[in-house]
Amino acid sequence: MSNEKTTSTMEADETAASRPSGSPDRGIGDYTRQQEARVVRKIDLNLMTIFFVLYMLAYLDRGNIGNARIAGMATELGLDSNRYSWLLNSFSIAYVVSEFGVLLWKVFPPHIVGAIVVFGWGLIATAQAGAQSWGGMMALRFLLGVFEACYGPGIIYLLSFFYLRHEVGFRCGIFASAAPLASTFSGALAYGITSGHSHLANWRLLFLVEGIPTLLMVAIAYFFIPDSSEKARFLTAEEKLVVRSRAMRQVGTSANARIGAFKLKDILPVFLDLKAWMCGLMYFCGNVTYSSLPVFLPTILEDMGYTAINAQGLSAPPSFSAFLFALITTWIADKTQQRCLVIFCTSIVGGIGYIVLATVDTVGVRYFATFLASAGVFSTIPNILGLTLNNQGSDTRRGMGIVLINLIGQCGPFLGNNIFPTRQGPRYVEGMSICAAFMFFSALLAIAQRVLLAWENSKLDRKYGSVAKDRIVESKDVAAENYGPNFRYVL
């Protein structure tokens, strides 16, 4: 009799855990908003901290080549403007061809994928300190691009397994804001290194100092990146019932069931989806400027008349403002669910910054414009990522959406890395004008995307009836973030 009672209780618990939050029949697995908020905060503290630190290190290892260039690398390796641009291009080429590595995070346990990727880019980033020729550095930059392509976009995809659609945009912002913060530290760290006197060339020491910490994080990645929210060591048994129920609300399955395979039938439709291509074009526009700004900002500041040492230090404040702006704008987009309008505004801010840089001679005003350009560029990118994740209706399609926008968007650096040749200094009018044009084009695309999404939602309303913000239409297999009666596009 006791065993029968225990079995019945366990069945009741499982049923309650899989019941949507809005269900009128409350059970043991149901939870309050306060309980859910506490679980989300716990995931933020344990998960986002690791991802943020690792991406900050990744961006340091990717972007410090700009600081190394003016710290003596250009002279020692015989780099002219064209050769330096090819160092940047080799990274970008590898980043594009390796984008399908994003799906590794769904097929294999994330803690294993994370450890391998972190070890790979950490080893190569550190090895840059030993480069003896332009060709050797080219090879290292290509390999660095391969591993980093699996990390940044892969983590953005992985966030959709832990957070709901009205939460994931801000987490994309937290993650992506590590990039401008890394630029801040890169400038400050390079300032300290290049102002000292070492037996080792300053640029080589820079690669060592910023590369070794990544290798130290391999063990953290292996032991602390959870394979799913239900396997997170930092959650209690009761909290795991909450995340299980969240997964049921989200996609209609448990969190554990989402890792292990992807649906081949969901791959091709993404490549035929106009909405995904428009996100890709916006991402391309953002990456033209996103890729070039960190690596050329110290050079631009130096050409304004500052010494190389001061240029390193002065590149930090604009990057820190971009860090704050990325957090603020993605938080607003999550709260309002108006991602396209936010992208429009951030693109306009970035475009204005570049217009000022292209047209004004006054050094102080031009320096202020670097704040506008940095804030606009670095906040546009995470908002596009959130928009992409929100508007694909299956786990496989969300992953392929991230792959597609990167296949298109990561071609932007091929242009961005070549629009600031030294012959254009000190104004770089042509490069600034090109960046401004692409930011304004991104703003137009955002408005066009919003019109398209609103039209798609009107068709869904006619088919299924309108869906109130907090109402969930009961569905046997499909929850609110997968295609079906519950699904609506986020504007």
# chains A, B, ... in the order shown; residues from 1 in each chain; ligands from 1

call {"tool": "select_by_dssp", "arguments": {"residues": "range 359-480 of chain A", "states": "helix (DSSP H, G or I)", "output": "MDAnalysis selection string"}}
result
chainID A and resid 359 363:390 395:409 412:416 422:424 429:464

call {"tool": "residues_around", "arguments": {"residues": "range 127-129 of chain A", "least_positions_apart": "4", "cutoff": "12 Å", "atoms": "only C-alpha atoms", "output": "PDB file with N, CA, C and O atoms, in the first residue's frame"}}
result
ATOM      1  N   ASP A  61      41.591  38.032 -26.913  1.00  0.00           N
ATOM      2  CA  ASP A  61      42.498  37.268 -27.766  1.00  0.00           C
ATOM      3  C   ASP A  61      42.286  37.574 -29.240  1.00  0.00           C
ATOM      4  O   ASP A  61      43.203  37.452 -30.050  1.00  0.00           O
ATOM      5  N   ARG A  62      41.073  37.965 -29.608  1.00  0.00           N
ATOM      6  CA  ARG A  62      40.773  38.303 -30.996  1.00  0.00           C
ATOM      7  C   ARG A  62      41.190  39.731 -31.335  1.00  0.00           C
ATOM      8  O   ARG A  62      41.759  39.984 -32.404  1.00  0.00           O
ATOM      9  N   ASN A  64      43.207  41.980 -29.562  1.00  0.00           N
ATOM     10  CA  ASN A  64      44.448  42.610 -29.113  1.00  0.00           C
ATOM     11  C   ASN A  64      45.476  42.778 -30.224  1.00  0.00           C
ATOM     12  O   ASN A  64      46.524  43.388 -30.020  1.00  0.00           O
ATOM     13  N   ILE A  65      45.189  42.244 -31.395  1.00  0.00           N
ATOM     14  CA  ILE A  65      46.115  42.437 -32.508  1.00  0.00           C
ATOM     15  C   ILE A  65      46.219  43.915 -32.890  1.00  0.00           C
ATOM     16  O   ILE A  65      47.260  44.386 -33.368  1.00  0.00           O
ATOM     17  N   ALA A  68      48.642  45.249 -30.426  1.00  0.00           N
ATOM     18  CA  ALA A  68      49.976  44.719 -30.729  1.00  0.00           C
ATOM     19  C   ALA A  68      50.595  45.421 -31.934  1.00  0.00           C
ATOM     20  O   ALA A  68      51.807  45.613 -32.002  1.00  0.00           O
ATOM     21  N   MET A  73      54.603  45.188 -33.260  1.00  0.00           N
ATOM     22  CA  MET A  73      54.448  44.009 -34.110  1.00  0.00           C
ATOM     23  C   MET A  73      54.586  44.354 -35.589  1.00  0.00           C
ATOM     24  O   MET A  73      55.196  43.601 -36.362  1.00  0.00           O
ATOM     25  N   LEU A  77      57.421  42.282 -37.707  1.00  0.00           N
ATOM     26  CA  LEU A  77      56.980  41.291 -38.690  1.00  0.00           C
ATOM     27  C   LEU A  77      56.879  41.885 -40.095  1.00  0.00           C
ATOM     28  O   LEU A  77      56.458  41.190 -41.024  1.00  0.00           O
ATOM     29  N   LEU A  87      45.850  39.721 -42.042  1.00  0.00           N
ATOM     30  CA  LEU A  87      45.813  39.046 -40.743  1.00  0.00           C
ATOM     31  C   LEU A  87      44.386  39.045 -40.192  1.00  0.00           C
ATOM     32  O   LEU A  87      43.928  38.049 -39.618  1.00  0.00           O
ATOM     33  N   GLY A 120      41.397  25.095 -27.330  1.00  0.00           N
ATOM     34  CA  GLY A 120      41.912  25.350 -28.668  1.00  0.00           C
ATOM     35  C   GLY A 120      42.275  26.802 -28.893  1.00  0.00           C
ATOM     36  O   GLY A 120      43.391  27.131 -29.316  1.00  0.00           O
ATOM     37  N   TRP A 121      41.319  27.720 -28.579  1.00  0.00           N
ATOM     38  CA  TRP A 121      41.624  29.122 -28.856  1.00  0.00           C
ATOM     39  C   TRP A 121      42.633  29.682 -27.850  1.00  0.00           C
ATOM     40  O   TRP A 121      43.450  30.541 -28.194  1.00  0.00           O
ATOM     41  N   GLY A 122      42.627  29.180 -26.606  1.00  0.00           N
ATOM     42  CA  GLY A 122      43.602  29.652 -25.622  1.00  0.00           C
ATOM     43  C   GLY A 122      45.029  29.291 -26.015  1.00  0.00           C
ATOM     44  O   GLY A 122      45.951  30.108 -25.893  1.00  0.00           O
ATOM     45  N   LEU A 123      45.211  28.068 -26.507  1.00  0.00           N
ATOM     46  CA  LEU A 123      46.532  27.620 -26.920  1.00  0.00           C
ATOM     47  C   LEU A 123      47.046  28.445 -28.102  1.00  0.00           C
ATOM     48  O   LEU A 123      48.200  28.897 -28.125  1.00  0.00           O
ATOM     49  N   SER A 133      56.991  35.375 -38.302  1.00  0.00           N
ATOM     50  CA  SER A 133      56.797  35.889 -39.661  1.00  0.00           C
ATOM     51  C   SER A 133      55.331  36.199 -39.884  1.00  0.00           C
ATOM     52  O   SER A 133      54.455  35.766 -39.124  1.00  0.00           O
ATOM     53  N   TRP A 134      55.079  36.936 -40.949  1.00  0.00           N
ATOM     54  CA  TRP A 134      53.701  37.253 -41.322  1.00  0.00           C
ATOM     55  C   TRP A 134      52.924  35.984 -41.661  1.00  0.00           C
ATOM     56  O   TRP A 134      51.771  35.816 -41.254  1.00  0.00           O
ATOM     57  N   GLY A 135      53.549  35.039 -42.367  1.00  0.00           N
ATOM     58  CA  GLY A 135      52.885  33.793 -42.724  1.00  0.00           C
ATOM     59  C   GLY A 135      52.512  32.964 -41.504  1.00  0.00           C
ATOM     60  O   GLY A 135      51.423  32.387 -41.443  1.00  0.00           O
ATOM     61  N   GLY A 136      53.416  32.899 -40.513  1.00  0.00           N
ATOM     62  CA  GLY A 136      53.108  32.163 -39.286  1.00  0.00           C
ATOM     63  C   GLY A 136      51.958  32.774 -38.525  1.00  0.00           C
ATOM     64  O   GLY A 136      51.082  32.067 -38.015  1.00  0.00           O
ATOM     65  N   MET A 137      51.937  34.099 -38.455  1.00  0.00           N
ATOM     66  CA  MET A 137      50.832  34.780 -37.783  1.00  0.00           C
ATOM     67  C   MET A 137      49.523  34.577 -38.536  1.00  0.00           C
ATOM     68  O   MET A 137      48.459  34.439 -37.921  1.00  0.00           O
ATOM     69  N   MET A 138      49.580  34.545 -39.862  1.00  0.00           N
ATOM     70  CA  MET A 138      48.385  34.276 -40.674  1.00  0.00           C
ATOM     71  C   MET A 138      47.769  32.929 -40.304  1.00  0.00           C
ATOM     72  O   MET A 138      46.549  32.806 -40.120  1.00  0.00           O
ATOM     73  N   ALA A 139      48.612  31.901 -40.197  1.00  0.00           N
ATOM     74  CA  ALA A 139      48.125  30.557 -39.869  1.00  0.00           C
ATOM     75  C   ALA A 139      47.487  30.530 -38.480  1.00  0.00           C
ATOM     76  O   ALA A 139      46.428  29.915 -38.275  1.00  0.00           O
ATOM     77  N   LEU A 140      48.122  31.194 -37.536  1.00  0.00           N
ATOM     78  CA  LEU A 140      47.588  31.224 -36.171  1.00  0.00           C
ATOM     79  C   LEU A 140      46.261  31.970 -36.109  1.00  0.00           C
ATOM     80  O   LEU A 140      45.328  31.546 -35.410  1.00  0.00           O
ATOM     81  N   ARG A 141      46.148  33.069 -36.838  1.00  0.00           N
ATOM     82  CA  ARG A 141      44.896  33.823 -36.845  1.00  0.00           C
ATOM     83  C   ARG A 141      43.764  33.001 -37.466  1.00  0.00           C
ATOM     84  O   ARG A 141      42.618  33.084 -37.035  1.00  0.00           O
ATOM     85  N   PHE A 142      44.080  32.207 -38.481  1.00  0.00           N
ATOM     86  CA  PHE A 142      43.054  31.358 -39.096  1.00  0.00           C
ATOM     87  C   PHE A 142      42.555  30.326 -38.092  1.00  0.00           C
ATOM     88  O   PHE A 142      41.336  30.138 -37.928  1.00  0.00           O
ATOM     89  N   LEU A 143      43.467  29.648 -37.402  1.00  0.00           N
ATOM     90  CA  LEU A 143      43.065  28.634 -36.421  1.00  0.00           C
ATOM     91  C   LEU A 143      42.301  29.257 -35.258  1.00  0.00           C
ATOM     92  O   LEU A 143      41.358  28.665 -34.727  1.00  0.00           O
ATOM     93  N   LEU A 144      42.696  30.464 -34.872  1.00  0.00           N
ATOM     94  CA  LEU A 144      41.973  31.160 -33.807  1.00  0.00           C
ATOM     95  C   LEU A 144      40.523  31.402 -34.228  1.00  0.00           C
ATOM     96  O   LEU A 144      39.592  31.243 -33.423  1.00  0.00           O
ATOM     97  N   LEU A 200      61.329  40.922 -23.210  1.00  0.00           N
ATOM     98  CA  LEU A 200      60.535  40.404 -24.320  1.00  0.00           C
ATOM     99  C   LEU A 200      59.836  41.569 -25.007  1.00  0.00           C
ATOM    100  O   LEU A 200      59.429  42.532 -24.353  1.00  0.00           O
ATOM    101  N   ALA A 201      59.715  41.489 -26.329  1.00  0.00           N
ATOM    102  CA  ALA A 201      59.027  42.558 -27.061  1.00  0.00           C
ATOM    103  C   ALA A 201      57.644  42.782 -26.468  1.00  0.00           C
ATOM    104  O   ALA A 201      56.937  41.824 -26.122  1.00  0.00           O
ATOM    105  N   ASN A 202      57.252  44.035 -26.346  1.00  0.00           N
ATOM    106  CA  ASN A 202      55.986  44.364 -25.688  1.00  0.00           C
ATOM    107  C   ASN A 202      54.787  43.678 -26.342  1.00  0.00           C
ATOM    108  O   ASN A 202      53.856  43.239 -25.659  1.00  0.00           O
ATOM    109  N   TRP A 203      54.790  43.599 -27.671  1.00  0.00           N
ATOM    110  CA  TRP A 203      53.641  42.987 -28.340  1.00  0.00           C
ATOM    111  C   TRP A 203      53.584  41.485 -28.072  1.00  0.00           C
ATOM    112  O   TRP A 203      52.496  40.908 -27.979  1.00  0.00           O
ATOM    113  N   ARG A 204      54.731  40.848 -27.933  1.00  0.00           N
ATOM    114  CA  ARG A 204      54.744  39.413 -27.592  1.00  0.00           C
ATOM    115  C   ARG A 204      54.253  39.196 -26.156  1.00  0.00           C
ATOM    116  O   ARG A 204      53.491  38.272 -25.870  1.00  0.00           O
ATOM    117  N   LEU A 205      54.689  40.058 -25.262  1.00  0.00           N
ATOM    118  CA  LEU A 205      54.234  39.965 -23.876  1.00  0.00           C
ATOM    119  C   LEU A 205      52.728  40.173 -23.787  1.00  0.00           C
ATOM    120  O   LEU A 205      52.043  39.531 -22.973  1.00  0.00           O
ATOM    121  N   LEU A 206      52.192  41.048 -24.626  1.00  0.00           N
ATOM    122  CA  LEU A 206      50.756  41.303 -24.651  1.00  0.00           C
ATOM    123  C   LEU A 206      49.983  40.026 -24.990  1.00  0.00           C
ATOM    124  O   LEU A 206      48.993  39.688 -24.324  1.00  0.00           O
ATOM    125  N   PHE A 207      50.417  39.294 -26.007  1.00  0.00           N
ATOM    126  CA  PHE A 207      49.752  38.045 -26.368  1.00  0.00           C
ATOM    127  C   PHE A 207      49.843  37.008 -25.243  1.00  0.00           C
ATOM    128  O   PHE A 207      48.886  36.264 -24.987  1.00  0.00           O
ATOM    129  N   LEU A 208      50.987  36.953 -24.567  1.00  0.00           N
ATOM    130  CA  LEU A 208      51.146  36.006 -23.457  1.00  0.00           C
ATOM    131  C   LEU A 208      50.237  36.344 -22.290  1.00  0.00           C
ATOM    132  O   LEU A 208      49.517  35.486 -21.767  1.00  0.00           O
ATOM    133  N   VAL A 209      50.255  37.614 -21.886  1.00  0.00           N
ATOM    134  CA  VAL A 209      49.477  38.034 -20.717  1.00  0.00           C
ATOM    135  C   VAL A 209      47.987  37.826 -20.939  1.00  0.00           C
ATOM    136  O   VAL A 209      47.251  37.451 -20.020  1.00  0.00           O
ATOM    137  N   GLU A 210      47.518  38.058 -22.159  1.00  0.00           N
ATOM    138  CA  GLU A 210      46.086  37.944 -22.427  1.00  0.00           C
ATOM    139  C   GLU A 210      45.685  36.555 -22.917  1.00  0.00           C
ATOM    140  O   GLU A 210      44.485  36.247 -22.969  1.00  0.00           O
ATOM    141  N   GLY A 211      46.640  35.695 -23.261  1.00  0.00           N
ATOM    142  CA  GLY A 211      46.313  34.358 -23.739  1.00  0.00           C
ATOM    143  C   GLY A 211      46.312  33.296 -22.663  1.00  0.00           C
ATOM    144  O   GLY A 211      45.459  32.396 -22.656  1.00  0.00           O
ATOM    145  N   ILE A 212      47.237  33.380 -21.711  1.00  0.00           N
ATOM    146  CA  ILE A 212      47.357  32.349 -20.676  1.00  0.00           C
ATOM    147  C   ILE A 212      46.101  32.212 -19.810  1.00  0.00           C
ATOM    148  O   ILE A 212      45.694  31.090 -19.477  1.00  0.00           O
ATOM    149  N   LEU A 215      43.686  29.574 -21.068  1.00  0.00           N
ATOM    150  CA  LEU A 215      44.065  28.191 -20.796  1.00  0.00           C
ATOM    151  C   LEU A 215      43.703  27.792 -19.364  1.00  0.00           C
ATOM    152  O   LEU A 215      43.332  26.641 -19.112  1.00  0.00           O
TER     153      LEU A 215
END

call {"tool": "atom_distance", "arguments": {"atom1": "CA of Thr184 in chain A", "atom2": "CA of Gly78 in chain A"}}
result
27.4 Å

call {"tool": "closest_residue", "arguments": {"among": "A:Asn391, A:Gln337, A:Asn287, A:Asn406", "to": "Leu274 in chain A", "atoms": "only C-alpha atoms"}}
result
A:Asn391

call {"tool": "closest_atom_pairs", "arguments": {"of": "range 166-253 of chain A", "to": "range 395-400 of chain A", "cutoff": "12 Å", "atoms": "only C-alpha atoms", "output": "Markdown table"}}
result
| residue | atom | partner | partner_atom | distance |
| --- | --- | --- | --- | --- |
| A:Ala247 | CA | A:Asp395 | CA | 11.7 |
| A:Gln250 | CA | A:Asp395 | CA | 10.4 |
| A:Val251 | CA | A:Asp395 | CA | 8.3 |
| A:Gly252 | CA | A:Asp395 | CA | 11.3 |
| A:Thr253 | CA | A:Asp395 | CA | 11.0 |

call {"tool": "residues_around", "arguments": {"residues": "Leu158 in chain A", "least_positions_apart": "3", "cutoff": "8 Å", "atoms": "only C-alpha atoms", "output": "ChimeraX atom specification"}}
result
/A:105-106,154-155,161-162

call {"tool": "write_last_selection", "arguments": {"atoms": "N, CA, C and O atoms", "output": "JSON list (two decimals), in the first residue's frame"}}
result
[["chain", "number", "residue", "atom", "x", "y", "z"],
["A", 105, "TRP", "N", 26.98, 22.27, -30.16],
["A", 105, "TRP", "CA", 26.46, 22.48, -28.80],
["A", 105, "TRP", "C", 25.14, 21.76, -28.58],
["A", 105, "TRP", "O", 24.76, 21.51, -27.42],
["A", 106, "LYS", "N", 24.42, 21.43, -29.64],
["A", 106, "LYS", "CA", 23.18, 20.67, -29.51],
["A", 106, "LYS", "C", 23.42, 19.17, -29.61],
["A", 106, "LYS", "O", 22.75, 18.37, -28.96],
["A", 154, "GLY", "N", 27.94, 29.82, -30.72],
["A", 154, "GLY", "CA", 27.44, 28.62, -30.05],
["A", 154, "GLY", "C", 26.81, 28.91, -28.71],
["A", 154, "GLY", "O", 25.77, 28.35, -28.34],
["A", 155, "ILE", "N", 27.42, 29.80, -27.95],
["A", 155, "ILE", "CA", 26.86, 30.16, -26.65],
["A", 155, "ILE", "C", 25.55, 30.93, -26.81],
["A", 155, "ILE", "O", 24.59, 30.73, -26.04],
["A", 161, "PHE", "N", 18.38, 27.56, -24.69],
["A", 161, "PHE", "CA", 18.00, 26.34, -23.98],
["A", 161, "PHE", "C", 17.77, 26.60, -22.49],
["A", 161, "PHE", "O", 17.22, 25.76, -21.80],
["A", 162, "PHE", "N", 18.23, 27.73, -22.02],
["A", 162, "PHE", "CA", 18.12, 28.04, -20.59],
["A", 162, "PHE", "C", 17.15, 29.17, -20.27],
["A", 162, "PHE", "O", 16.70, 29.29, -19.14]]

call {"tool": "atom_distance", "arguments": {"atom1": "CA of Met217 in chain A", "atom2": "CA of Phe52 in chain A"}}
result
12.1 Å

call {"tool": "residues_around", "arguments": {"residues": "Phe100 in chain A", "least_positions_apart": "3", "cutoff": "8 Å", "atoms": "only C-alpha atoms", "output": "ChimeraX atom specification"}}
result
/A:97,103-104,150,403

call {"tool": "closest_residue", "arguments": {"among": "A:Phe420, A:Phe344, A:Phe119, A:Tyr428", "to": "Val360 in chain A", "atoms": "only C-alpha atoms"}}
result
A:Tyr428

call {"tool": "atom_distance", "arguments": {"atom1": "CA of Ala74 in chain A", "atom2": "CA of Thr359 in chain A"}}
result
29.0 Å

call {"tool": "closest_residue", "arguments": {"among": "A:Asp334, A:Glu148, A:Glu230, A:Asp80", "to": "Thr214 in chain A", "atoms": "only C-alpha atoms"}}
result
A:Glu148
